[in-house]
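Dumped protein-v5.csv below, it's CSV, C-alpha atoms and all ligand atoms:
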```csv
chain,number,residue,atom,x,y,z
A,1,SER,CA,6.9,192.2,21.6
A,2,ARG,CA,5.5,192.0,25.1
A,3,VAL,CA,7.8,194.5,27.0
A,4,GLY,CA,8.4,195.1,30.7
A,5,LEU,CA,10.0,198.3,31.8
A,6,ILE,CA,11.9,198.5,35.1
A,7,GLY,CA,13.4,201.8,36.3
A,8,ALA,CA,16.5,201.5,38.4
A,9,PRO,CA,17.4,205.0,39.7
A,10,PHE,CA,20.8,204.0,41.1
A,11,ALA,CA,24.1,205.9,41.0
A,12,LYS,CA,26.4,204.3,43.6
A,13,GLY,CA,28.4,202.3,41.0
A,14,GLN,CA,30.2,205.6,40.2
A,15,PRO,CA,30.9,208.9,41.9
A,16,ARG,CA,28.9,211.4,39.8
A,17,PRO,CA,25.4,212.5,41.0
A,18,GLY,CA,22.6,212.6,38.4
A,19,VAL,CA,22.6,209.2,36.7
A,20,ASP,CA,19.8,208.1,39.0
A,21,ARG,CA,17.6,210.5,37.1
A,22,GLY,CA,17.9,208.5,33.9
A,23,PRO,CA,14.8,206.3,34.2
A,24,ASP,CA,12.3,209.2,34.6
A,25,LEU,CA,14.0,211.3,31.9
A,26,ILE,CA,13.7,208.4,29.4
A,27,ARG,CA,10.0,207.9,30.3
A,28,ALA,CA,9.4,211.7,30.0
A,29,ALA,CA,10.8,211.6,26.5
A,30,GLY,CA,7.9,209.3,25.6
A,31,LEU,CA,9.4,205.8,25.5
A,32,LEU,CA,6.2,204.0,26.5
A,33,ASN,CA,3.9,205.6,24.0
A,34,ARG,CA,6.5,205.3,21.2
A,35,LEU,CA,6.9,201.6,21.9
A,36,GLN,CA,3.1,201.1,21.9
A,37,GLU,CA,2.7,203.1,18.7
A,38,GLN,CA,5.0,200.7,16.9
A,39,GLY,CA,3.0,197.7,18.0
A,40,ASN,CA,4.5,196.6,21.3
A,41,GLU,CA,2.4,195.6,24.4
A,42,VAL,CA,4.2,197.5,27.2
A,43,LYS,CA,3.9,197.2,31.0
A,44,ASP,CA,5.8,199.7,33.1
A,45,TYR,CA,6.7,198.1,36.5
A,46,GLY,CA,7.8,201.5,37.8
A,47,ASN,CA,11.0,202.4,39.6
A,48,LEU,CA,12.7,200.2,42.1
A,49,THR,CA,13.5,201.8,45.5
A,50,PHE,CA,16.9,201.1,47.0
A,51,GLU,CA,17.7,201.0,50.7
A,52,GLU,CA,19.9,203.9,52.0
A,53,LEU,CA,22.7,202.3,54.0
A,54,GLU,CA,24.4,204.3,56.8
A,55,GLU,CA,27.6,202.3,56.8
A,56,ASP,CA,29.2,201.4,53.4
A,57,GLU,CA,33.0,201.9,53.7
A,58,PRO,CA,35.2,200.8,50.8
A,59,VAL,CA,36.3,197.2,50.8
A,60,GLY,CA,39.8,196.8,49.4
A,61,GLY,CA,39.4,200.1,47.6
A,62,VAL,CA,36.1,199.1,46.0
A,63,LYS,CA,33.4,201.8,46.7
A,64,HIS,CA,29.8,201.4,47.8
A,65,VAL,CA,30.0,197.6,47.7
A,66,ARG,CA,27.1,196.9,50.1
A,67,ALA,CA,24.8,199.4,48.2
A,68,VAL,CA,25.7,198.0,44.8
A,69,GLY,CA,25.3,194.4,46.0
A,70,GLY,CA,21.9,195.1,47.7
A,71,ALA,CA,20.6,197.1,44.7
A,72,ASN,CA,21.5,194.3,42.3
A,73,GLN,CA,19.9,191.6,44.4
A,74,ARG,CA,16.6,193.6,44.2
A,75,LEU,CA,17.0,194.2,40.5
A,76,SER,CA,17.8,190.5,39.8
A,77,GLU,CA,14.5,189.6,41.5
A,78,ALA,CA,12.6,192.2,39.5
A,79,VAL,CA,14.0,191.2,36.1
A,80,ARG,CA,13.4,187.6,36.8
A,81,ALA,CA,9.7,188.4,37.6
A,82,VAL,CA,9.4,190.4,34.3
A,83,LYS,CA,10.8,187.4,32.4
A,84,MET,CA,8.5,185.0,34.2
A,85,ASP,CA,5.7,187.3,33.0
A,86,GLY,CA,6.8,186.4,29.4
A,87,ARG,CA,8.1,189.9,28.6
A,88,VAL,CA,11.3,191.2,27.2
A,89,SER,CA,12.8,193.1,30.2
A,90,VAL,CA,14.0,196.7,29.6
A,91,MET,CA,16.1,198.0,32.5
A,92,LEU,CA,16.5,201.8,32.5
A,93,GLY,CA,19.6,203.0,34.5
A,94,GLY,CA,21.2,204.2,36.5
A,95,ASP,CA,24.8,203.3,36.2
A,96,HIS,CA,26.2,200.2,34.6
A,97,SER,CA,26.9,198.3,37.8
A,98,LEU,CA,23.1,197.5,37.5
A,99,ALA,CA,24.0,195.0,34.7
A,100,ILE,CA,25.0,192.6,37.5
A,101,GLY,CA,21.4,192.2,38.7
A,102,SER,CA,19.8,192.6,35.3
A,103,ILE,CA,21.8,189.8,33.6
A,104,HIS,CA,21.7,187.6,36.7
A,105,GLY,CA,17.9,187.9,36.9
A,106,HIS,CA,17.5,187.3,33.2
A,107,ALA,CA,19.7,184.2,33.4
A,108,ALA,CA,17.8,183.0,36.5
A,109,ALA,CA,14.6,183.0,34.3
A,110,VAL,CA,15.9,181.7,30.9
A,111,GLY,CA,19.1,179.8,31.7
A,112,PRO,CA,22.3,180.3,29.6
A,113,LEU,CA,22.2,183.4,27.5
A,114,SER,CA,24.3,185.5,25.1
A,115,VAL,CA,25.4,189.0,26.0
A,116,VAL,CA,26.0,191.9,23.6
A,117,TRP,CA,27.8,194.6,25.5
A,118,VAL,CA,27.8,198.0,23.6
A,119,ASP,CA,30.1,200.4,25.4
A,120,ALA,CA,33.2,202.5,25.1
A,121,HIS,CA,34.5,200.4,28.1
A,122,ALA,CA,34.7,196.7,28.7
A,123,ASP,CA,33.5,197.0,32.3
A,124,VAL,CA,35.4,193.9,33.2
A,125,ASN,CA,37.8,195.2,35.9
A,126,THR,CA,37.9,192.9,38.9
A,127,ALA,CA,37.9,194.3,42.4
A,128,LEU,CA,41.7,193.8,42.2
A,129,THR,CA,42.4,195.4,38.8
A,130,THR,CA,40.1,198.4,39.0
A,131,PRO,CA,42.0,201.7,38.8
A,132,THR,CA,39.1,203.7,40.4
A,133,GLY,CA,37.2,201.3,42.7
A,134,ASN,CA,34.0,202.3,40.9
A,135,LEU,CA,31.8,199.2,40.5
A,136,HIS,CA,30.3,200.4,37.2
A,137,GLY,CA,33.6,199.5,35.6
A,138,GLN,CA,33.4,195.9,37.0
A,139,PRO,CA,30.0,194.3,36.3
A,140,MET,CA,31.2,191.8,33.7
A,141,SER,CA,33.9,190.4,36.1
A,142,PHE,CA,31.1,189.3,38.5
A,143,LEU,CA,29.1,187.7,35.7
A,144,LEU,CA,31.8,185.6,33.9
A,145,HIS,CA,32.3,182.0,34.8
A,146,GLU,CA,35.9,182.2,33.7
A,147,LEU,CA,36.7,184.9,36.3
A,148,ARG,CA,35.1,183.2,39.2
A,149,SER,CA,38.4,182.4,41.0
A,150,LYS,CA,39.5,186.0,40.6
A,151,ILE,CA,36.6,187.7,42.4
A,152,PRO,CA,36.9,188.3,46.1
A,153,VAL,CA,34.0,187.6,48.5
A,154,LEU,CA,32.3,190.9,49.0
A,155,PRO,CA,29.5,191.9,51.4
A,156,ASN,CA,26.0,191.8,49.9
A,157,PHE,CA,27.2,189.8,46.9
A,158,SER,CA,26.8,186.3,48.2
A,159,TRP,CA,23.3,186.0,46.6
A,160,MET,CA,24.8,185.8,43.1
A,161,THR,CA,27.0,183.4,41.1
A,162,PRO,CA,28.5,183.9,37.6
A,163,CYS,CA,26.1,183.1,34.8
A,164,VAL,CA,27.8,184.1,31.5
A,165,SER,CA,30.4,182.3,29.5
A,166,ALA,CA,33.0,184.3,27.6
A,167,LYS,CA,32.2,182.5,24.4
A,168,ASP,CA,28.7,183.9,24.7
A,169,LEU,CA,29.9,187.5,25.1
A,170,VAL,CA,30.2,190.0,22.2
A,171,TYR,CA,31.6,193.5,22.8
A,172,ILE,CA,30.9,196.4,20.4
A,173,GLY,CA,32.3,199.9,20.6
A,174,LEU,CA,35.3,199.4,22.9
A,175,ARG,CA,37.9,202.2,22.8
A,176,ASP,CA,39.0,202.8,26.4
A,177,LEU,CA,40.2,199.7,28.2
A,178,ASP,CA,42.4,199.6,31.3
A,179,PRO,CA,45.5,197.4,31.2
A,180,GLY,CA,43.9,194.7,33.4
A,181,GLU,CA,40.8,194.7,31.2
A,182,HIS,CA,42.8,194.3,28.0
A,183,TYR,CA,44.6,191.3,29.4
A,184,ILE,CA,41.3,189.7,30.6
A,185,VAL,CA,39.4,190.3,27.3
A,186,ARG,CA,42.2,188.9,25.2
A,187,LEU,CA,42.7,185.9,27.6
A,188,LEU,CA,39.0,185.1,27.7
A,189,GLY,CA,38.5,185.1,24.0
A,190,ALA,CA,35.3,187.1,24.1
A,191,LYS,CA,34.3,188.4,20.6
A,192,VAL,CA,35.5,192.0,20.4
A,193,PHE,CA,34.5,194.6,17.9
A,194,SER,CA,36.3,197.6,19.1
A,195,MET,CA,36.1,200.9,17.3
A,196,THR,CA,39.1,199.8,15.3
A,197,GLU,CA,37.1,196.8,14.0
A,198,VAL,CA,34.1,199.1,13.4
A,199,ASP,CA,36.3,201.3,11.3
A,200,ARG,CA,38.0,198.4,9.5
A,201,LEU,CA,35.0,196.2,8.8
A,202,GLY,CA,32.1,198.7,8.9
A,203,ILE,CA,29.1,198.3,11.1
A,204,GLY,CA,27.4,196.2,8.5
A,205,ARG,CA,30.0,193.4,8.7
A,206,VAL,CA,30.3,193.8,12.5
A,207,MET,CA,26.6,193.1,12.8
A,208,GLU,CA,26.7,190.3,10.2
A,209,GLU,CA,29.4,188.5,12.3
A,210,THR,CA,27.7,189.3,15.6
A,211,CYS,CA,24.2,188.1,14.5
A,212,ASP,CA,25.7,184.9,12.9
A,213,HIS,CA,27.5,184.2,16.2
A,214,LEU,CA,24.3,184.8,18.2
A,215,CYS,CA,22.1,182.7,15.8
A,216,THR,CA,24.6,179.8,15.9
A,217,ARG,CA,24.5,179.7,19.6
A,218,LYS,CA,20.7,180.2,19.6
A,219,LYS,CA,20.5,181.5,23.2
A,220,PRO,CA,18.3,184.3,24.4
A,221,VAL,CA,20.2,187.6,24.0
A,222,HIS,CA,20.8,190.2,26.6
A,223,LEU,CA,21.7,193.6,25.2
A,224,SER,CA,23.5,195.9,27.7
A,225,TYR,CA,23.7,199.3,26.1
A,226,ASP,CA,25.9,202.0,27.7
A,227,VAL,CA,25.0,205.4,26.1
A,228,ASP,CA,28.7,206.3,26.2
A,229,ALA,CA,29.3,203.8,23.4
A,230,ILE,CA,27.8,206.5,21.2
A,231,ASP,CA,30.1,209.5,20.3
A,232,PRO,CA,30.0,212.2,23.0
A,233,ALA,CA,29.0,214.7,20.2
A,234,VAL,CA,25.6,212.9,20.2
A,235,THR,CA,25.4,211.7,23.8
A,236,PRO,CA,27.5,214.1,26.0
A,237,ALA,CA,25.3,213.7,29.1
A,238,THR,CA,27.0,210.7,30.5
A,239,GLY,CA,29.6,210.0,33.2
A,240,THR,CA,32.6,208.8,31.3
A,241,PRO,CA,32.5,210.2,27.7
A,242,VAL,CA,35.3,209.0,25.3
A,243,PRO,CA,35.9,210.6,21.9
A,244,GLY,CA,35.6,208.6,18.7
A,245,GLY,CA,32.4,206.7,19.4
A,246,LEU,CA,29.6,205.2,17.4
A,247,THR,CA,27.6,207.5,15.2
A,248,TYR,CA,23.9,207.8,15.9
A,249,ARG,CA,23.3,205.7,12.7
A,250,GLU,CA,25.7,203.0,13.8
A,251,GLY,CA,24.1,202.9,17.2
A,252,VAL,CA,20.6,202.5,15.8
A,253,TYR,CA,21.8,199.9,13.2
A,254,ILE,CA,23.1,197.7,16.0
A,255,THR,CA,19.6,197.6,17.6
A,256,GLU,CA,17.8,197.1,14.3
A,257,GLN,CA,19.9,194.1,13.4
A,258,LEU,CA,19.6,192.6,16.9
A,259,CYS,CA,15.8,193.0,16.7
A,260,GLN,CA,15.9,191.1,13.4
A,261,THR,CA,17.4,188.0,15.1
A,262,GLY,CA,14.2,187.6,17.1
A,263,LEU,CA,16.5,186.5,20.0
A,264,LEU,CA,16.4,189.8,22.0
A,265,SER,CA,15.2,188.8,25.5
A,266,GLY,CA,16.5,191.5,27.8
A,267,VAL,CA,17.8,195.0,27.4
A,268,ASP,CA,19.7,197.5,29.6
A,269,MET,CA,19.9,201.3,28.7
A,270,VAL,CA,22.3,202.9,31.2
A,271,GLU,CA,24.6,205.9,32.1
A,272,VAL,CA,22.3,208.7,31.0
A,273,ASN,CA,23.3,211.6,33.4
A,274,PRO,CA,21.6,214.9,32.9
A,275,LEU,CA,24.0,216.7,35.3
A,276,ARG,CA,26.9,215.9,32.8
A,277,GLY,CA,25.2,217.5,29.8
A,278,PRO,CA,26.6,221.1,29.3
A,279,THR,CA,23.4,222.4,27.9
A,280,GLU,CA,19.7,221.4,27.9
A,281,HIS,CA,20.1,220.6,24.2
A,282,ALA,CA,22.9,218.2,25.1
A,283,ILE,CA,20.8,216.5,27.7
A,284,GLN,CA,17.8,216.2,25.2
A,285,SER,CA,20.1,214.8,22.5
A,286,THR,CA,21.4,212.2,24.9
A,287,VAL,CA,17.9,211.2,26.2
A,288,ASN,CA,16.4,211.1,22.7
A,289,THR,CA,19.2,208.9,21.4
A,290,ALA,CA,18.6,206.5,24.3
A,291,VAL,CA,14.9,206.4,23.4
A,292,ASP,CA,15.7,205.8,19.7
A,293,LEU,CA,18.1,203.0,20.5
A,294,LEU,CA,15.4,201.3,22.5
A,295,LEU,CA,12.8,201.8,19.7
A,296,GLY,CA,15.3,200.1,17.3
A,297,CYS,CA,15.3,197.1,19.7
A,298,PHE,CA,11.5,196.8,19.4
A,299,GLY,CA,10.7,197.0,15.7
A,300,ARG,CA,11.4,200.6,14.6
A,301,ARG,CA,12.8,200.4,11.1
A,302,ARG,CA,14.2,203.5,9.4
A,303,GLU,CA,13.1,202.0,6.1
A,304,GLY,CA,9.5,201.9,7.6
B,401,LIG,N1,37.5,201.6,33.2
B,401,LIG,C1,37.1,202.7,34.1
B,401,LIG,C2,35.8,203.4,33.6
B,401,LIG,C3,34.6,202.6,33.7
B,401,LIG,C4,33.4,203.1,33.0
B,401,LIG,C5,32.1,202.4,33.4
B,401,LIG,B1,31.0,202.5,32.3
B,401,LIG,O1,29.8,201.8,32.8
B,401,LIG,O2,30.6,203.8,32.0
B,401,LIG,O3,31.4,201.9,31.1
B,401,LIG,C6,38.3,203.7,34.2
B,401,LIG,C7,38.6,204.4,33.0
B,401,LIG,N2,39.9,205.1,32.9
B,401,LIG,C8,40.5,205.3,34.2
B,401,LIG,C9,41.8,206.0,34.0
B,401,LIG,C10,41.6,207.3,33.3
B,401,LIG,O4,42.9,208.0,33.0
B,401,LIG,C11,40.9,207.1,32.0
B,401,LIG,C12,39.6,206.4,32.2
B,401,LIG,C13,36.9,202.2,35.5
B,401,LIG,O5,36.6,203.0,36.4
B,401,LIG,O6,37.0,200.9,35.7
B,402,MN,MN,29.4,200.7,30.8
B,403,MN,MN,31.1,203.1,29.3
B,404,MN,MN,45.7,194.7,21.9
```

Represent the structure from my file as structure tokens, please.
Amino acid sequence: SRVGLIGAPFAKGQPRPGVDRGPDLIRAAGLLNRLQEQGNEVKDYGNLTFEELEEDEPVGGVKHVRAVGGANQRLSEAVRAVKMDGRVSVMLGGDHSLAIGSIHGHAAAVGPLSVVWVDAHADVNTALTTPTGNLHGQPMSFLLHELRSKIPVLPNFSWMTPCVSAKDLVYIGLRDLDPGEHYIVRLLGAKVFSMTEVDRLGIGRVMEETCDHLCTRKKPVHLSYDVDAIDPAVTPATGTPVPGGLTYREGVYITEQLCQTGLLSGVDMVEVNPLRGPTEHAIQSTVNTAVDLLLGCFGRRREG
């Protein structure tokens, strides 16, 4: 594939420093060369720079609203440009609030799309249901048409409108939902493969059903991958680790199968935080897994 890399060193969707170092760590682990070695034509658009705001007081308990809104407006423009260049966009985070701009910009370029959200969390809290006020737990609520009436007007968010339908959303790896999220996900009828379904059905069946659904809808696919979907034993260097996650093999299998659909049109890889890894080895395991997941999206096959 023709691939366009965008680094988004942004951390204000959550309280822990370090996640802004993700893009350069993933590059340093050799992503570009590895993608090229397996036959992709890759252009690295570099890292976005985000304006430092003096004033950004919480709005109704929601933190860093203006910074997150501004960053995502920038990111949306950047992703749209990469898509208009005829490339599959790869957004390297940074925290998961960046999915707002990434998915918005992708949809601005290609129109209606499907979203596969691989995460321990649903990230669908609204500004009114969030238990923490952290916007990395809320991106999906800004993107879903069905939640439009539930989203308050927030400063620096007026540039965006919802662009995803719940019937075009598939969750994989969920295991830590807040009460409001559980209600929303069940109400909206998004396709959910929590870790319970992964255990019950096996990853093979989960991906069979996921890919059937995607291929029936035939829309371009946006894969938003939170490294905390993978078990913390493999990817401990992340902000909100939750035990009982996907194995390395399950995580890679997801990307291999999505690659096979030929529908992959945009990818996010987020929440790598080197300051959360207890050891250098833990950080490297996390970064290397993120790289391997991306390689799986772009043609790497374990069978060769
Ligand atoms: N759902 C959480 C975590 C969001 C994680 C965002 B990410 O992008 O990493 O998926 C809150 C999680 N929950 C809050 C109460 C605690 O006791 C347990 C964790 C939130 O802050 O909204
Ligand atoms: Mn997430
Ligand atoms: Mn998560
Ligand atoms: Mn339930």

* **Minimum-distance residue to Val110 in chain A, chosen among A:Leu246, A:Val124, A:Pro9, A:Val221 (using all atoms listed in the file)** =>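 Looking only at the distances to Val110 in chain A, the closest residue turns out to be A:Val221.
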
* What gap, in Å, lies between CA of Gln284 in chain A and CA of Gly239 in chain A? ->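 Distance between the two atoms: 15.5 Å.
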
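CA of Pro241 in chain A lies 12.0 Å from atom C9 of ligand LIG 401 (chain B).
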
* Within 9 Å of ligand LIG 401 (chain B), which residues show up when you count all atoms listed in the file? List them as a ChimeraX atom specification, please. => /A:13-14,95-97,119-126,129-139,176-178,181,226-229,238-242,270-271

Using C-alpha atoms, can you export the residues from the last selection as a PDB file, in the frame of the given file?
```
ATOM      1  CA  GLY A  13      28.400 202.300  41.000  1.00  0.00           C
ATOM      2  CA  GLN A  14      30.200 205.600  40.200  1.00  0.00           C
ATOM      3  CA  ASP A  95      24.800 203.300  36.200  1.00  0.00           C
ATOM      4  CA  HIS A  96      26.200 200.200  34.600  1.00  0.00           C
ATOM      5  CA  SER A  97      26.900 198.300  37.800  1.00  0.00           C
ATOM      6  CA  ASP A 119      30.100 200.400  25.400  1.00  0.00           C
ATOM      7  CA  ALA A 120      33.200 202.500  25.100  1.00  0.00           C
ATOM      8  CA  HIS A 121      34.500 200.400  28.100  1.00  0.00           C
ATOM      9  CA  ALA A 122      34.700 196.700  28.700  1.00  0.00           C
ATOM     10  CA  ASP A 123      33.500 197.000  32.300  1.00  0.00           C
ATOM     11  CA  VAL A 124      35.400 193.900  33.200  1.00  0.00           C
ATOM     12  CA  ASN A 125      37.800 195.200  35.900  1.00  0.00           C
ATOM     13  CA  THR A 126      37.900 192.900  38.900  1.00  0.00           C
ATOM     14  CA  THR A 129      42.400 195.400  38.800  1.00  0.00           C
ATOM     15  CA  THR A 130      40.100 198.400  39.000  1.00  0.00           C
ATOM     16  CA  PRO A 131      42.000 201.700  38.800  1.00  0.00           C
ATOM     17  CA  THR A 132      39.100 203.700  40.400  1.00  0.00           C
ATOM     18  CA  GLY A 133      37.200 201.300  42.700  1.00  0.00           C
ATOM     19  CA  ASN A 134      34.000 202.300  40.900  1.00  0.00           C
ATOM     20  CA  LEU A 135      31.800 199.200  40.500  1.00  0.00           C
ATOM     21  CA  HIS A 136      30.300 200.400  37.200  1.00  0.00           C
ATOM     22  CA  GLY A 137      33.600 199.500  35.600  1.00  0.00           C
ATOM     23  CA  GLN A 138      33.400 195.900  37.000  1.00  0.00           C
ATOM     24  CA  PRO A 139      30.000 194.300  36.300  1.00  0.00           C
ATOM     25  CA  ASP A 176      39.000 202.800  26.400  1.00  0.00           C
ATOM     26  CA  LEU A 177      40.200 199.700  28.200  1.00  0.00           C
ATOM     27  CA  ASP A 178      42.400 199.600  31.300  1.00  0.00           C
ATOM     28  CA  GLU A 181      40.800 194.700  31.200  1.00  0.00           C
ATOM     29  CA  ASP A 226      25.900 202.000  27.700  1.00  0.00           C
ATOM     30  CA  VAL A 227      25.000 205.400  26.100  1.00  0.00           C
ATOM     31  CA  ASP A 228      28.700 206.300  26.200  1.00  0.00           C
ATOM     32  CA  ALA A 229      29.300 203.800  23.400  1.00  0.00           C
ATOM     33  CA  THR A 238      27.000 210.700  30.500  1.00  0.00           C
ATOM     34  CA  GLY A 239      29.600 210.000  33.200  1.00  0.00           C
ATOM     35  CA  THR A 240      32.600 208.800  31.300  1.00  0.00           C
ATOM     36  CA  PRO A 241      32.500 210.200  27.700  1.00  0.00           C
ATOM     37  CA  VAL A 242      35.300 209.000  25.300  1.00  0.00           C
ATOM     38  CA  VAL A 270      22.300 202.900  31.200  1.00  0.00           C
ATOM     39  CA  GLU A 271      24.600 205.900  32.100  1.00  0.00           C
TER      40      GLU A 271
END
```

As AutoDock Vina command-line options: centre and edge lengths in Å, one decimal, of the axis-aligned box holding range 177-189 of chain A with 3 Å per side:
```
--center_x 42.0 --center_y 192.4 --center_z 28.7 --size_x 13.0 --size_y 20.6 --size_z 15.4
```

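Taking only C-alpha atoms and all ligand atoms into account, ligand MN 402 (chain B) lies nearest to A:Leu174 out of the set A:Leu48, A:Val198, A:Leu174, A:Leu154.
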
* Please indicate the distance in Å from CA of Met140 in chain A to CA of Ala99 in chain A, rounded to one decimal place. =>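 Result for CA of Met140 in chain A versus CA of Ala99 in chain A: 7.9 Å, one decimal.
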
* To do: Please extract the residues at most 10 Å from ligand MN 404 (chain B), counting only C-alpha atoms and all ligand atoms, and provide them as a PyMOL selection string, using the chain letters and residue numbers of this document.
  => chain A and resi 177+179+182-183+185-186

* Using all atoms listed in the file, which of A:Met91, A:Val272, A:Ala290, A:Met160 sits nearest ligand MN 403 (chain B)? ->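 So, comparing all the options, the nearest one is A:Val272.
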
* **10 Å contact set for Ala233 in chain A, all atoms listed in the file, chain neighbours under 5 positions out, as a list in words** =>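 The filter keeps Pro241, Val242, Pro243, Gly244, Gly245, Leu246, Thr247, Tyr248, Ala282, Ser285 and Thr286 of chain A.
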
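Closest approach to ligand MN 403 (chain B) from the set A:Cys297, A:Val68, A:Leu169, A:Val118 is made by A:Val118, with distances taken over only C-alpha atoms and all ligand atoms.
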
* **For Gly7 in chain A: contacts at 12 Å, only C-alpha atoms, fewer than 3 positions along chain excluded, given as number ranges by chain** => A: 4, 10, 19-27, 43-50, 74-75, 78-79, 89-95, 98, 102, 268-270

* **Which residue of A:Gly299, A:Gly173, A:Gly70, A:Pro162 approaches ligand MN 403 (chain B) most closely, using only C-alpha atoms and all ligand atoms** =>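 The shortest atom-to-atom distance to ligand MN 403 (chain B) comes from A:Gly173.
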
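Shortest separation to ligand MN 403 (chain B) among A:Ser224, A:Ser76, A:Thr255, A:Asn156 occurs at residue A:Ser224, atoms counted being only C-alpha atoms and all ligand atoms.
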
Within 7 Å of file point (21.8, 193.6, 21.2), counting all atoms listed in the file, expressed as a PDB file with C-alpha atoms, keeping the file's coordinate frame:
```pdb
ATOM      1  CA  VAL A 116      26.000 191.900  23.600  1.00  0.00           C
ATOM      2  CA  VAL A 221      20.200 187.600  24.000  1.00  0.00           C
ATOM      3  CA  HIS A 222      20.800 190.200  26.600  1.00  0.00           C
ATOM      4  CA  LEU A 223      21.700 193.600  25.200  1.00  0.00           C
ATOM      5  CA  ILE A 254      23.100 197.700  16.000  1.00  0.00           C
ATOM      6  CA  THR A 255      19.600 197.600  17.600  1.00  0.00           C
ATOM      7  CA  LEU A 258      19.600 192.600  16.900  1.00  0.00           C
ATOM      8  CA  LEU A 264      16.400 189.800  22.000  1.00  0.00           C
TER       9      LEU A 264
END
```

* Asked: Near Ser158 in chain A, counting only C-alpha atoms, which residues have an atom at most 10 Å away, once you skip same-chain residues fewer than 3 positions from it, shown as a list in words?
  -> Gly69, Gln73, Val153, Leu154, Pro155 and Thr161 of chain A

Could you write out the selected residues, including C-alpha atoms, as a PDB file, keeping the file's coordinate frame?
```pdb
ATOM      1  CA  GLY A  69      25.300 194.400  46.000  1.00  0.00           C
ATOM      2  CA  GLN A  73      19.900 191.600  44.400  1.00  0.00           C
ATOM      3  CA  VAL A 153      34.000 187.600  48.500  1.00  0.00           C
ATOM      4  CA  LEU A 154      32.300 190.900  49.000  1.00  0.00           C
ATOM      5  CA  PRO A 155      29.500 191.900  51.400  1.00  0.00           C
ATOM      6  CA  THR A 161      27.000 183.400  41.100  1.00  0.00           C
TER       7      THR A 161
END
```
